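Visitor: Dropping in start.tsv, with TSV, C-alpha atoms.
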```
chain	number	residue	atom	x	y	z
T	274	MET	CA	3.11	13.44	-9.64
T	275	GLY	CA	4.11	10.00	-10.91
T	276	ALA	CA	3.20	10.97	-14.47
T	277	SER	CA	4.93	14.32	-14.34
T	278	ALA	CA	8.07	12.87	-12.78
T	279	ALA	CA	8.14	10.06	-15.30
T	280	ALA	CA	7.95	12.38	-18.28
T	281	GLY	CA	11.54	13.50	-17.92
T	282	MET	CA	13.15	10.10	-17.31
T	283	GLN	CA	14.53	7.97	-20.14
T	284	MET	CA	16.14	4.57	-19.88
T	285	VAL	CA	18.79	5.50	-22.45
T	286	ALA	CA	20.05	9.01	-23.13
T	287	ALA	CA	21.13	9.67	-26.72
T	288	ARG	CA	24.34	11.50	-27.47
T	289	PRO	CA	24.06	14.96	-29.04
T	290	CYS	CA	24.43	14.89	-32.84
T	291	ILE	CA	27.81	16.59	-33.09
T	292	SER	CA	30.19	15.32	-35.72
T	293	ALA	CA	33.88	14.66	-35.08
T	294	SER	CA	34.80	17.66	-37.19
T	295	GLN	CA	32.98	19.87	-34.72
T	296	GLY	CA	34.97	18.52	-31.79
T	297	MET	CA	37.67	21.19	-32.02
T	298	LEU	CA	36.52	24.79	-31.58
T	299	THR	CA	39.50	27.10	-31.87
T	300	SER	CA	37.99	30.56	-31.80
T	301	ARG	CA	35.84	32.63	-29.50
T	302	ALA	CA	33.57	33.39	-32.43
T	303	ALA	CA	32.78	29.71	-32.80
T	304	VAL	CA	32.04	29.37	-29.11
T	305	SER	CA	29.82	32.42	-29.25
T	306	ARG	CA	27.84	31.06	-32.20
T	307	ILE	CA	27.33	27.75	-30.41
T	308	GLY	CA	26.18	29.56	-27.28
T	309	ARG	CA	23.67	31.66	-29.20
T	310	ALA	CA	22.37	28.64	-31.05
T	311	LEU	CA	21.86	26.64	-27.87
T	312	SER	CA	20.14	29.52	-26.13
T	313	THR	CA	17.50	29.74	-28.84
T	314	THR	CA	16.68	26.05	-29.12
T	315	THR	CA	15.01	23.54	-26.87
T	316	GLY	CA	17.45	20.70	-27.58
T	317	PHE	CA	19.00	18.62	-30.33
T	318	ALA	CA	15.80	18.21	-32.31
T	319	THR	CA	17.39	16.09	-35.05
T	320	CYS	CA	18.77	13.48	-32.65
T	321	PRO	CA	16.49	10.47	-32.24
T	322	ARG	CA	16.29	8.81	-28.86
T	323	ILE	CA	17.44	5.24	-28.83
T	324	CYS	CA	15.33	2.42	-27.44
T	325	TYR	CA	16.36	-1.25	-27.10
T	326	SER	CA	13.73	-3.96	-27.26
T	327	SER	CA	15.88	-6.38	-25.28
T	328	PRO	CA	18.18	-5.92	-22.31
T	329	LEU	CA	21.52	-4.28	-22.93
T	330	GLY	CA	24.31	-6.80	-23.04
T	331	SER	CA	22.21	-9.49	-24.73
T	332	SER	CA	24.40	-11.92	-26.65
T	333	LYS	CA	21.83	-12.15	-29.47
T	334	ARG	CA	22.59	-9.16	-31.67
T	335	SER	CA	19.60	-9.94	-33.89
T	336	GLY	CA	17.31	-9.50	-30.91
T	337	VAL	CA	18.14	-5.85	-30.49
T	338	ALA	CA	15.95	-3.44	-32.40
T	339	ILE	CA	16.96	0.21	-32.64
T	340	ARG	CA	14.29	2.71	-33.50
T	341	ALA	CA	13.73	6.43	-33.38
T	342	MET	CA	11.19	7.47	-30.77
T	343	SER	CA	8.94	10.29	-31.86
T	344	SER	CA	7.94	12.88	-29.27
T	345	GLU	CA	4.40	12.39	-30.54
T	346	SER	CA	4.23	8.78	-29.35
T	347	GLY	CA	3.07	9.81	-25.88
T	348	PRO	CA	4.72	10.03	-22.46
T	349	GLN	CA	7.77	7.82	-22.02
T	350	GLY	CA	9.77	6.93	-18.96
T	351	LEU	CA	9.57	5.30	-15.57
T	352	PRO	CA	6.89	5.99	-12.97
T	353	ILE	CA	7.72	6.60	-9.34
T	354	ASP	CA	5.57	4.02	-7.60
T	355	LEU	CA	5.42	4.04	-3.80
T	356	ARG	CA	2.15	2.18	-3.45
T	357	GLY	CA	2.23	-0.09	-0.42
T	358	LYS	CA	4.96	2.00	1.24
T	359	ARG	CA	4.56	3.88	4.51
T	360	ALA	CA	6.43	7.11	5.25
T	361	PHE	CA	7.06	8.98	8.47
T	362	ILE	CA	7.91	12.66	7.91
T	363	ALA	CA	9.33	14.41	10.97
T	364	GLY	CA	8.97	18.17	11.01
T	365	VAL	CA	5.66	19.05	9.33
T	366	ALA	CA	3.86	21.89	11.10
T	367	ASP	CA	2.28	23.88	8.26
T	368	ASP	CA	1.60	23.68	4.52
T	369	ASN	CA	4.35	25.82	3.05
T	370	GLY	CA	7.64	24.14	3.93
T	371	TYR	CA	9.74	21.44	2.34
T	372	GLY	CA	8.40	18.80	4.74
T	373	TRP	CA	4.86	19.37	3.48
T	374	ALA	CA	6.02	19.30	-0.16
T	375	ILE	CA	7.81	16.00	0.43
T	376	ALA	CA	4.72	14.53	2.08
T	377	LYS	CA	2.62	15.55	-0.93
T	378	ALA	CA	5.06	14.07	-3.43
T	379	LEU	CA	5.22	10.76	-1.57
T	380	ALA	CA	1.42	10.70	-1.28
T	381	ALA	CA	1.07	11.41	-5.00
T	382	ALA	CA	3.32	8.41	-5.66
T	383	GLY	CA	1.03	6.24	-3.54
T	384	ALA	CA	2.72	6.19	-0.13
T	385	GLU	CA	0.84	6.22	3.17
T	386	ILE	CA	1.72	9.36	5.13
T	387	LEU	CA	2.43	9.72	8.84
T	388	VAL	CA	3.83	12.96	10.22
T	389	GLY	CA	5.56	14.10	13.38
T	390	THR	CA	4.73	17.66	14.44
T	391	TRP	CA	6.54	19.78	17.00
T	392	VAL	CA	4.47	19.63	20.18
T	393	PRO	CA	3.86	23.39	20.63
T	394	ALA	CA	2.59	23.60	17.03
T	395	LEU	CA	0.48	20.43	17.17
T	396	ASN	CA	-2.84	21.95	18.15
T	397	ILE	CA	-2.78	24.66	15.46
T	398	PHE	CA	-1.68	22.18	12.81
T	399	GLU	CA	-4.35	19.59	13.62
T	400	THR	CA	-7.04	22.27	13.90
T	401	SER	CA	-6.10	23.69	10.49
T	402	LEU	CA	-6.23	20.22	8.96
T	403	ARG	CA	-9.59	19.46	10.52
T	404	ARG	CA	-11.17	22.76	9.43
T	405	GLY	CA	-9.99	22.38	5.86
T	406	LYS	CA	-7.56	25.31	5.87
T	407	PHE	CA	-5.00	23.15	4.10
T	408	ASP	CA	-7.39	21.60	1.60
T	409	GLU	CA	-6.13	23.66	-1.32
T	410	SER	CA	-2.55	22.75	-0.46
T	411	ARG	CA	-3.50	19.08	-0.06
T	412	LYS	CA	-4.57	18.73	-3.69
T	413	LEU	CA	-2.64	16.07	-5.58
T	414	PRO	CA	-2.11	15.91	-9.37
T	415	ASP	CA	-5.07	13.55	-9.78
T	416	GLY	CA	-7.41	15.98	-8.00
T	417	SER	CA	-7.66	14.03	-4.77
T	418	LEU	CA	-6.54	15.35	-1.39
T	419	MET	CA	-3.44	14.13	0.38
T	420	GLU	CA	-4.48	12.07	3.38
T	421	ILE	CA	-2.35	12.23	6.51
T	422	VAL	CA	-3.17	8.97	8.22
T	423	LYS	CA	-1.92	10.07	11.62
T	424	VAL	CA	-0.19	13.04	13.23
T	425	TYR	CA	2.18	12.32	16.11
T	426	PRO	CA	3.40	14.91	18.63
T	427	LEU	CA	7.20	15.03	18.40
T	428	ASP	CA	10.09	16.94	19.90
T	429	ALA	CA	13.22	15.40	18.38
T	430	VAL	CA	15.51	17.26	20.78
T	431	TYR	CA	14.68	14.63	23.40
T	432	ASP	CA	15.48	10.97	22.86
T	433	SER	CA	13.54	9.53	25.81
T	434	PRO	CA	11.37	10.72	28.71
T	435	GLU	CA	14.40	10.73	30.99
T	436	ASP	CA	16.00	13.46	28.87
T	437	VAL	CA	13.14	15.94	29.29
T	438	PRO	CA	13.90	18.68	31.84
T	439	GLU	CA	11.31	19.62	34.43
T	440	ASP	CA	10.70	23.09	32.99
T	441	VAL	CA	9.70	21.53	29.65
T	442	LYS	CA	7.50	18.92	31.32
T	443	GLY	CA	5.64	21.71	33.10
T	444	ASN	CA	5.46	24.00	30.08
T	445	LYS	CA	1.84	24.73	29.15
T	446	ARG	CA	2.69	24.37	25.45
T	447	TYR	CA	3.34	20.67	26.11
T	448	ALA	CA	0.25	20.18	28.25
T	449	GLY	CA	-2.18	17.59	26.93
T	450	SER	CA	0.43	15.77	24.85
T	451	SER	CA	2.29	12.61	25.74
T	452	ASN	CA	4.72	10.11	24.25
T	453	TRP	CA	6.46	12.75	22.15
T	454	THR	CA	10.15	11.93	22.59
T	455	VAL	CA	11.89	10.16	19.70
T	456	LYS	CA	11.90	6.78	21.42
T	457	GLU	CA	8.23	7.04	22.35
T	458	VAL	CA	7.14	8.13	18.88
T	459	ALA	CA	8.98	5.21	17.27
T	460	GLU	CA	7.29	2.85	19.71
T	461	SER	CA	3.88	4.40	19.01
T	462	VAL	CA	4.36	4.01	15.25
T	463	LYS	CA	5.39	0.39	15.76
T	464	ASN	CA	2.31	-0.28	17.89
T	465	ASP	CA	0.00	1.45	15.41
T	466	PHE	CA	1.40	0.25	12.09
T	467	GLY	CA	4.14	-2.29	12.70
T	468	SER	CA	6.71	-0.86	10.32
T	469	ILE	CA	7.61	1.93	7.91
T	470	ASP	CA	9.57	2.08	4.67
T	471	ILE	CA	10.54	5.75	4.49
T	472	LEU	CA	11.89	8.14	7.11
T	473	VAL	CA	12.13	11.87	6.37
T	474	HIS	CA	13.95	14.36	8.59
T	475	SER	CA	12.73	17.91	7.97
T	476	LEU	CA	13.85	19.49	11.23
T	477	ALA	CA	16.14	22.40	12.05
T	478	ASN	CA	16.38	24.99	14.78
T	479	GLY	CA	19.09	27.37	15.94
T	480	PRO	CA	18.05	29.62	18.83
T	481	GLU	CA	20.93	32.00	18.00
T	482	VAL	CA	20.75	31.75	14.20
T	483	THR	CA	20.85	35.53	13.77
T	484	LYS	CA	24.14	35.83	15.70
T	485	PRO	CA	27.55	35.64	13.99
T	486	LEU	CA	29.47	32.51	14.91
T	487	LEU	CA	31.96	34.57	16.92
T	488	GLU	CA	29.10	35.79	19.09
T	489	THR	CA	27.38	32.43	19.46
T	490	SER	CA	27.31	30.89	22.92
T	491	ARG	CA	28.28	27.30	23.61
T	492	ARG	CA	24.70	26.62	24.62
T	493	GLY	CA	23.29	28.09	21.42
T	494	TYR	CA	25.83	26.27	19.26
T	495	LEU	CA	25.13	22.89	20.83
T	496	ALA	CA	21.38	23.51	20.69
T	497	ALA	CA	21.64	24.05	16.92
T	498	LEU	CA	23.53	20.78	16.47
T	499	SER	CA	21.14	18.91	18.74
T	500	ALA	CA	17.97	20.02	16.96
T	501	SER	CA	19.29	20.16	13.40
T	502	SER	CA	21.72	17.26	13.05
T	503	TYR	CA	21.80	14.87	15.99
T	504	SER	CA	18.01	14.67	15.78
T	505	PHE	CA	18.49	12.82	12.48
T	506	VAL	CA	20.88	10.36	14.10
T	507	SER	CA	18.38	9.79	16.91
T	508	LEU	CA	15.42	9.34	14.56
T	509	LEU	CA	17.24	6.78	12.44
T	510	GLN	CA	18.60	5.04	15.52
T	511	HIS	CA	15.10	4.53	16.93
T	512	PHE	CA	13.20	3.95	13.68
T	513	LEU	CA	15.71	1.63	12.00
T	514	PRO	CA	14.45	-1.45	13.88
T	515	ILE	CA	10.97	-0.94	12.40
T	516	MET	CA	12.08	-0.02	8.87
T	517	ASN	CA	11.59	-2.64	6.18
T	518	PRO	CA	14.74	-3.74	4.33
T	519	GLY	CA	15.14	-1.80	1.11
T	520	GLY	CA	13.70	1.34	2.69
T	521	ALA	CA	15.21	4.81	2.60
T	522	SER	CA	15.78	7.86	4.76
T	523	ILE	CA	16.43	11.45	3.71
T	524	SER	CA	17.15	14.77	5.40
T	525	LEU	CA	17.40	18.40	4.30
T	526	THR	CA	20.61	20.40	4.32
T	527	TYR	CA	21.84	23.75	2.98
T	528	ILE	CA	24.87	25.09	1.10
T	529	ALA	CA	26.04	26.90	4.27
T	530	SER	CA	27.51	23.53	5.25
T	531	GLU	CA	30.37	24.12	2.81
T	532	ARG	CA	30.29	27.83	1.94
T	533	ALA	CA	30.31	30.89	4.17
T	534	ILE	CA	26.82	32.43	4.28
T	535	PRO	CA	27.05	35.60	6.38
T	536	GLY	CA	23.95	35.92	8.56
T	537	TYR	CA	23.30	32.19	8.74
T	538	GLY	CA	24.82	31.90	12.19
T	539	GLY	CA	24.35	30.48	15.63
T	540	GLY	CA	26.09	27.24	14.69
T	541	MET	CA	23.56	26.38	11.98
T	542	SER	CA	26.24	26.15	9.27
T	543	SER	CA	28.14	23.72	11.51
T	544	ALA	CA	24.96	21.73	12.10
T	545	LYS	CA	24.40	21.34	8.36
T	546	ALA	CA	28.01	20.28	7.86
T	547	ALA	CA	27.56	17.67	10.59
T	548	LEU	CA	24.34	16.48	8.97
T	549	GLU	CA	26.07	15.90	5.64
T	550	SER	CA	28.99	14.10	7.26
T	551	ASP	CA	26.60	11.95	9.30
T	552	THR	CA	24.71	11.10	6.12
T	553	LYS	CA	27.77	9.26	4.78
T	554	VAL	CA	28.42	7.37	8.01
T	555	LEU	CA	24.75	6.52	8.51
T	556	ALA	CA	24.52	5.32	4.91
T	557	PHE	CA	27.21	2.74	5.70
T	558	GLU	CA	25.86	1.70	9.08
T	559	ALA	CA	22.15	1.63	8.15
T	560	GLY	CA	23.00	0.00	4.83
T	561	ARG	CA	24.89	-2.83	6.46
T	562	LYS	CA	22.57	-3.20	9.43
T	563	GLY	CA	19.17	-2.80	7.82
T	564	LYS	CA	19.64	-2.42	4.06
T	565	ILE	CA	18.43	1.16	4.37
T	566	ARG	CA	19.64	3.95	2.07
T	567	VAL	CA	20.44	7.37	3.55
T	568	ASN	CA	20.71	10.59	1.53
T	569	THR	CA	20.32	14.31	2.08
T	570	ILE	CA	18.94	17.05	-0.17
T	571	SER	CA	20.74	20.39	-0.26
T	572	ALA	CA	17.82	22.65	-1.07
T	573	GLY	CA	17.93	26.28	-2.10
T	574	PRO	CA	16.27	29.01	-0.03
T	575	LEU	CA	12.49	28.92	0.38
T	576	GLY	CA	10.32	31.58	2.01
T	577	SER	CA	8.71	29.23	4.51
T	578	ARG	CA	7.57	30.36	7.94
T	579	ALA	CA	10.50	28.57	9.57
T	580	ALA	CA	13.05	30.15	7.21
T	581	LYS	CA	11.85	33.64	8.06
T	582	ALA	CA	13.54	33.25	11.45
T	583	ILE	CA	16.84	33.87	9.66
T	584	GLY	CA	15.74	37.43	9.06
T	585	PHE	CA	16.77	37.94	5.45
T	586	ILE	CA	15.29	34.98	3.59
T	587	GLU	CA	13.76	37.17	0.87
T	588	LYS	CA	17.21	38.54	0.02
T	589	MET	CA	18.59	35.01	-0.10
T	590	ILE	CA	15.84	34.00	-2.53
T	591	GLU	CA	16.51	37.05	-4.70
T	592	TYR	CA	20.26	36.35	-4.71
T	593	SER	CA	19.62	32.76	-5.77
T	594	TYR	CA	17.28	33.85	-8.57
T	595	VAL	CA	19.77	36.36	-9.96
T	596	ASN	CA	22.90	34.20	-9.72
T	597	ALA	CA	21.84	30.58	-10.25
T	598	PRO	CA	22.37	28.97	-13.69
T	599	LEU	CA	18.62	28.36	-13.88
T	600	GLN	CA	17.10	31.78	-13.42
T	601	LYS	CA	13.72	30.78	-12.05
T	602	GLU	CA	11.89	30.47	-8.77
T	603	LEU	CA	12.74	27.36	-6.78
T	604	LEU	CA	9.53	25.53	-5.92
T	605	ALA	CA	9.02	23.39	-2.85
T	606	ASP	CA	7.45	20.77	-5.14
T	607	GLU	CA	10.79	20.38	-6.93
T	608	VAL	CA	12.41	19.34	-3.67
T	609	GLY	CA	9.42	17.07	-2.97
T	610	ASN	CA	9.79	15.37	-6.35
T	611	THR	CA	13.49	14.80	-5.77
T	612	ALA	CA	12.72	13.25	-2.41
T	613	ALA	CA	10.16	10.94	-4.01
T	614	PHE	CA	12.79	9.76	-6.48
T	615	LEU	CA	15.43	9.24	-3.80
T	616	VAL	CA	13.20	7.04	-1.64
T	617	SER	CA	11.86	5.08	-4.62
T	618	PRO	CA	13.24	1.89	-6.19
T	619	LEU	CA	14.53	4.05	-9.06
T	620	ALA	CA	17.29	5.26	-6.71
T	621	SER	CA	18.09	1.81	-5.33
T	622	ALA	CA	21.85	2.27	-5.79
T	623	ILE	CA	22.07	5.82	-4.42
T	624	THR	CA	23.08	6.26	-0.80
T	625	GLY	CA	25.37	8.51	1.22
T	626	SER	CA	24.84	11.35	-1.24
T	627	THR	CA	24.15	15.06	-0.96
T	628	VAL	CA	21.79	15.93	-3.82
T	629	TYR	CA	21.57	19.61	-4.76
T	630	VAL	CA	18.16	21.02	-5.64
T	631	ASP	CA	18.91	24.73	-5.91
T	632	ASN	CA	18.70	25.65	-9.61
T	633	GLY	CA	22.45	25.02	-9.75
T	634	LEU	CA	23.48	27.82	-7.39
T	635	ASN	CA	25.98	25.48	-5.68
T	636	THR	CA	28.07	25.39	-8.86
T	637	MET	CA	28.72	29.13	-8.95
T	638	GLY	CA	32.00	30.65	-7.80
T	639	LEU	CA	31.18	34.23	-8.75
T	640	ALA	CA	28.10	36.38	-8.17
T	641	VAL	CA	27.09	37.58	-11.62
T	642	ASP	CA	25.22	40.55	-10.14
T	643	SER	CA	28.35	41.79	-8.35
T	644	PRO	CA	29.01	45.52	-8.95
T	645	THR	CA	32.65	44.57	-9.48
T	646	ILE	CA	31.88	42.81	-12.75
T	647	SER	CA	28.74	44.66	-13.79
T	648	SER	CA	30.75	46.97	-16.02
```
Step by step, read the file and then write its structure as structure tokens.
Guide:
Amino acid sequence: MGASAAAGMQMVAARPCISASQGMLTSRAAVSRIGRALSTTTGFATCPRICYSSPLGSSKRSGVAIRAMSSESGPQGLPIDLRGKRAFIAGVADDNGYGWAIAKALAAAGAEILVGTWVPALNIFETSLRRGKFDESRKLPDGSLMEIVKVYPLDAVYDSPEDVPEDVKGNKRYAGSSNWTVKEVAESVKNDFGSIDILVHSLANGPEVTKPLLETSRRGYLAALSASSYSFVSLLQHFLPIMNPGGASISLTYIASERAIPGYGGGMSSAKAALESDTKVLAFEAGRKGKIRVNTISAGPLGSRAAKAIGFIEKMIEYSYVNAPLQKELLADEVGNTAAFLVSPLASAITGSTVYVDNGLNTMGLAVDSPTISS
């Protein structure tokens, strides 16, 4: 993953070779010709990339060498190196969601992986891991298998044992597991490993997600916010004391936080909006208190098992494919790679940001497949 991610990163980006005389395009015909030309090429092939042999801003002009870099000179760029870092990913319960993809990307970059799995799904997840059902999905770019050092039972809806209601304590799906509240998991990780560098929140749940907001109950609305947004606040609150300075935390959000997505109900759109707002506040507080960066990734729709609870995820994926600027399938690995960048030293000045990984769908203000404009 490090090699593939590095291939697209350049220290200095060259300007397109467009002369000043081309700066003014006064006719639609000219625009059309440019558009056709760009659509049939892979880039500005005649523009050399610029490389400096000494730091920019050096006072010794003679020490700066400018040279054209041939594409045949081999891979160029910066590697994402997370060796020696430890990550805790909350919300991994199978091998086809964004949480799993993020874990793989961090592992490929060299990080040690710990995961928190929802208690009722813990047994199935651990059994599948043990029996090798995920082995194909665990394969990393170098051919090795991602190693999950430890799996912790976790229910991020509850901060401490005192918050757990009696009916949950006696639920058979929780039988056999202990120390699974946020506070207890953070303490267990501290006892087992001392500290972490990376915290990933890949959790969301809205019990009334299929209901329109006008039909959502107070209980359902608050449950969505509790599981999908406050859980991030709680995780960072309890893990921050054991995070090494310079570390990073990320969460996953969705465009419904800022646009109306009919069918994505039950308070989930409000929960995502809260998550993005909290990201900015937490970036300030965690940055000042622990030198920790906090960002969120606004990912496009993915046909994971969890997403199928919405009821029309396949239609959402199709809509995205048809209307996004990049007309291609969105891969979970693309979100994983973005996460690896955001928690790496390469993103050391990025915090409080919502980063879109959706093939550009967030930029669109008109559905190009609309019957209204099809003619």
Visitor: What's the 10 Å shell around Asp432 of chain T, counting only C-alpha atoms, without same-chain residues fewer than 4 positions away, as a VMD selection string?
Guide: chain T and resid 428 436 to 437 453 to 458 504 507 to 508 510 to 511
Visitor: Rank T:Ala533, T:Glu409, T:Ala547, T:Phe361 by their smallest atom-to-atom distance to Ser461 of chain T, using only C-alpha atoms, and report the top residue only.
Guide: T:Phe361
Visitor: Which residues are close to segment 616-631 of chain T, i.e. within 7 Å by all atoms listed in the file, leaving aside same-chain residues fewer than 2 positions away? Reply as a ChimeraX atom specification.
Guide: /T:353,355,471,521-522,549,552-553,556,566-573,603,608,612-614,633-634
Visitor: Output the selection as a tab-separated table (two decimals), in the coordinates of the input - C-alpha atoms for each residue.
Guide:
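Saved file out_30.tsv follows:
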```tsv
chain	number	residue	atom	x	y	z
T	353	ILE	CA	7.72	6.60	-9.34
T	355	LEU	CA	5.42	4.04	-3.80
T	471	ILE	CA	10.54	5.75	4.49
T	521	ALA	CA	15.21	4.81	2.60
T	522	SER	CA	15.78	7.86	4.76
T	549	GLU	CA	26.07	15.90	5.64
T	552	THR	CA	24.71	11.10	6.12
T	553	LYS	CA	27.77	9.26	4.78
T	556	ALA	CA	24.52	5.32	4.91
T	566	ARG	CA	19.64	3.95	2.07
T	567	VAL	CA	20.44	7.37	3.55
T	568	ASN	CA	20.71	10.59	1.53
T	569	THR	CA	20.32	14.31	2.08
T	570	ILE	CA	18.94	17.05	-0.17
T	571	SER	CA	20.74	20.39	-0.26
T	572	ALA	CA	17.82	22.65	-1.07
T	573	GLY	CA	17.93	26.28	-2.10
T	603	LEU	CA	12.74	27.36	-6.78
T	608	VAL	CA	12.41	19.34	-3.67
T	612	ALA	CA	12.72	13.25	-2.41
T	613	ALA	CA	10.16	10.94	-4.01
T	614	PHE	CA	12.79	9.76	-6.48
T	633	GLY	CA	22.45	25.02	-9.75
T	634	LEU	CA	23.48	27.82	-7.39
```
Visitor: What's the separation between atom CA of Phe512 of chain T and atom CA of Ile362 of chain T, in Å to one decimal place?
Guide: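 Computing the Euclidean distance for atom CA of Phe512 of chain T and atom CA of Ile362 of chain T yields 11.7 Å.
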Visitor: Suppose you want the space between atom CA of Asp642 of chain T and atom CA of Ala544 of chain T; what is it in Å?
Guide: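 Between atom CA of Asp642 of chain T and atom CA of Ala544 of chain T the gap works out to 29.1 Å.
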Visitor: Here is a test: counting all atoms listed in the file, which residue of T:Ser468, T:Asn478, T:Ser417, T:Trp391 is nearest to Arg446 of chain T?
Guide: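 Comparing T:Ser468, T:Asn478, T:Ser417, T:Trp391 against Arg446 of chain T, the winner is T:Trp391.
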Visitor: Quick one: distance from atom CA of Leu486 of chain T to atom CA of Ser643 of chain T in Å, one decimal?
Guide: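 Atom CA of Ser643 of chain T lies at a distance of 25.1 Å from atom CA of Leu486 of chain T.
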Visitor: Report, as AutoDock Vina command-line options, the centre and edge lengths in Å (one decimal) of the axis-aligned box enclosing every listed atom of segment 506-520 of chain T, padded by 5 Å on each side.
Guide:
```
--center_x 15.9 --center_y 3.3 --center_z 9.0 --size_x 19.9 --size_y 24.1 --size_z 25.8
```
Visitor: Go through T:Ala376, T:Ala363, T:Leu513, T:Val482 one by one, measure the shortest atom-to-atom distance of each to Glu460 of chain T using all atoms listed in the file, and give the residue with the smallest value.
Guide: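 For Glu460 of chain T, the nearest of the candidates is T:Leu513.
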Visitor: Hey, which of T:Gly540, T:Ser401, T:Tyr527, T:Ile515 ends up closest to Asp470 of chain T? Count only C-alpha atoms.
Guide: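 Residue with the minimum atom-to-atom distance to Asp470 of chain T: T:Ile515.
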Visitor: Closest to Leu379 of chain T among T:Gln600, T:Leu615, T:Pro438, T:Ser410, using only C-alpha atoms?
Guide: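 Checking each candidate against Leu379 of chain T, we get T:Leu615 as the closest.
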Visitor: Using only C-alpha atoms, which protein or nucleic acid residues come within 12 Å of Gly389 of chain T? Drop anything in the same chain fewer than 4 positions from it, and give the result as an mmCIF file with C-alpha atoms, in the coordinates of the input.
Guide:
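Listed below is the output, out_4.cif:
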```cif
data_model
loop_
_atom_site.group_PDB
_atom_site.id
_atom_site.type_symbol
_atom_site.label_atom_id
_atom_site.label_comp_id
_atom_site.auth_asym_id
_atom_site.auth_seq_id
_atom_site.Cartn_x
_atom_site.Cartn_y
_atom_site.Cartn_z
ATOM 1 C CA ALA T 360 6.430 7.110 5.250
ATOM 2 C CA PHE T 361 7.060 8.980 8.470
ATOM 3 C CA ILE T 362 7.910 12.660 7.910
ATOM 4 C CA ALA T 363 9.330 14.410 10.970
ATOM 5 C CA GLY T 364 8.970 18.170 11.010
ATOM 6 C CA VAL T 365 5.660 19.050 9.330
ATOM 7 C CA ALA T 366 3.860 21.890 11.100
ATOM 8 C CA ASP T 367 2.280 23.880 8.260
ATOM 9 C CA GLY T 372 8.400 18.800 4.740
ATOM 10 C CA TRP T 373 4.860 19.370 3.480
ATOM 11 C CA ALA T 376 4.720 14.530 2.080
ATOM 12 C CA PRO T 393 3.860 23.390 20.630
ATOM 13 C CA ALA T 394 2.590 23.600 17.030
ATOM 14 C CA LEU T 395 0.480 20.430 17.170
ATOM 15 C CA PHE T 398 -1.680 22.180 12.810
ATOM 16 C CA GLU T 399 -4.350 19.590 13.620
ATOM 17 C CA ILE T 421 -2.350 12.230 6.510
ATOM 18 C CA VAL T 422 -3.170 8.970 8.220
ATOM 19 C CA LYS T 423 -1.920 10.070 11.620
ATOM 20 C CA VAL T 424 -0.190 13.040 13.230
ATOM 21 C CA TYR T 425 2.180 12.320 16.110
ATOM 22 C CA PRO T 426 3.400 14.910 18.630
ATOM 23 C CA LEU T 427 7.200 15.030 18.400
ATOM 24 C CA ASP T 428 10.090 16.940 19.900
ATOM 25 C CA ALA T 429 13.220 15.400 18.380
ATOM 26 C CA ASN T 452 4.720 10.110 24.250
ATOM 27 C CA TRP T 453 6.460 12.750 22.150
ATOM 28 C CA THR T 454 10.150 11.930 22.590
ATOM 29 C CA VAL T 455 11.890 10.160 19.700
ATOM 30 C CA GLU T 457 8.230 7.040 22.350
ATOM 31 C CA VAL T 458 7.140 8.130 18.880
ATOM 32 C CA ALA T 459 8.980 5.210 17.270
ATOM 33 C CA SER T 461 3.880 4.400 19.010
ATOM 34 C CA VAL T 462 4.360 4.010 15.250
ATOM 35 C CA LEU T 472 11.890 8.140 7.110
ATOM 36 C CA VAL T 473 12.130 11.870 6.370
ATOM 37 C CA HIS T 474 13.950 14.360 8.590
ATOM 38 C CA SER T 475 12.730 17.910 7.970
ATOM 39 C CA LEU T 476 13.850 19.490 11.230
ATOM 40 C CA LEU T 508 15.420 9.340 14.560
#
```
Visitor: Got a sec: who's within 9 Å of Lys358 of chain T, counting all atoms listed in the file, leaving out chain neighbours fewer than 5 positions off, as a PyMOL selection string?
Guide: chain T and resi 383-386+469-471+520
Visitor: Taking C-alpha atoms for each residue, export the selection above as an mmCIF file, in the frame of the given file.
Guide:
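Writing the result to part-v6.cif gives the following:
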```cif
data_model
loop_
_atom_site.group_PDB
_atom_site.id
_atom_site.type_symbol
_atom_site.label_atom_id
_atom_site.label_comp_id
_atom_site.auth_asym_id
_atom_site.auth_seq_id
_atom_site.Cartn_x
_atom_site.Cartn_y
_atom_site.Cartn_z
ATOM 1 C CA GLY T 383 1.030 6.240 -3.540
ATOM 2 C CA ALA T 384 2.720 6.190 -0.130
ATOM 3 C CA GLU T 385 0.840 6.220 3.170
ATOM 4 C CA ILE T 386 1.720 9.360 5.130
ATOM 5 C CA ILE T 469 7.610 1.930 7.910
ATOM 6 C CA ASP T 470 9.570 2.080 4.670
ATOM 7 C CA ILE T 471 10.540 5.750 4.490
ATOM 8 C CA GLY T 520 13.700 1.340 2.690
#
```
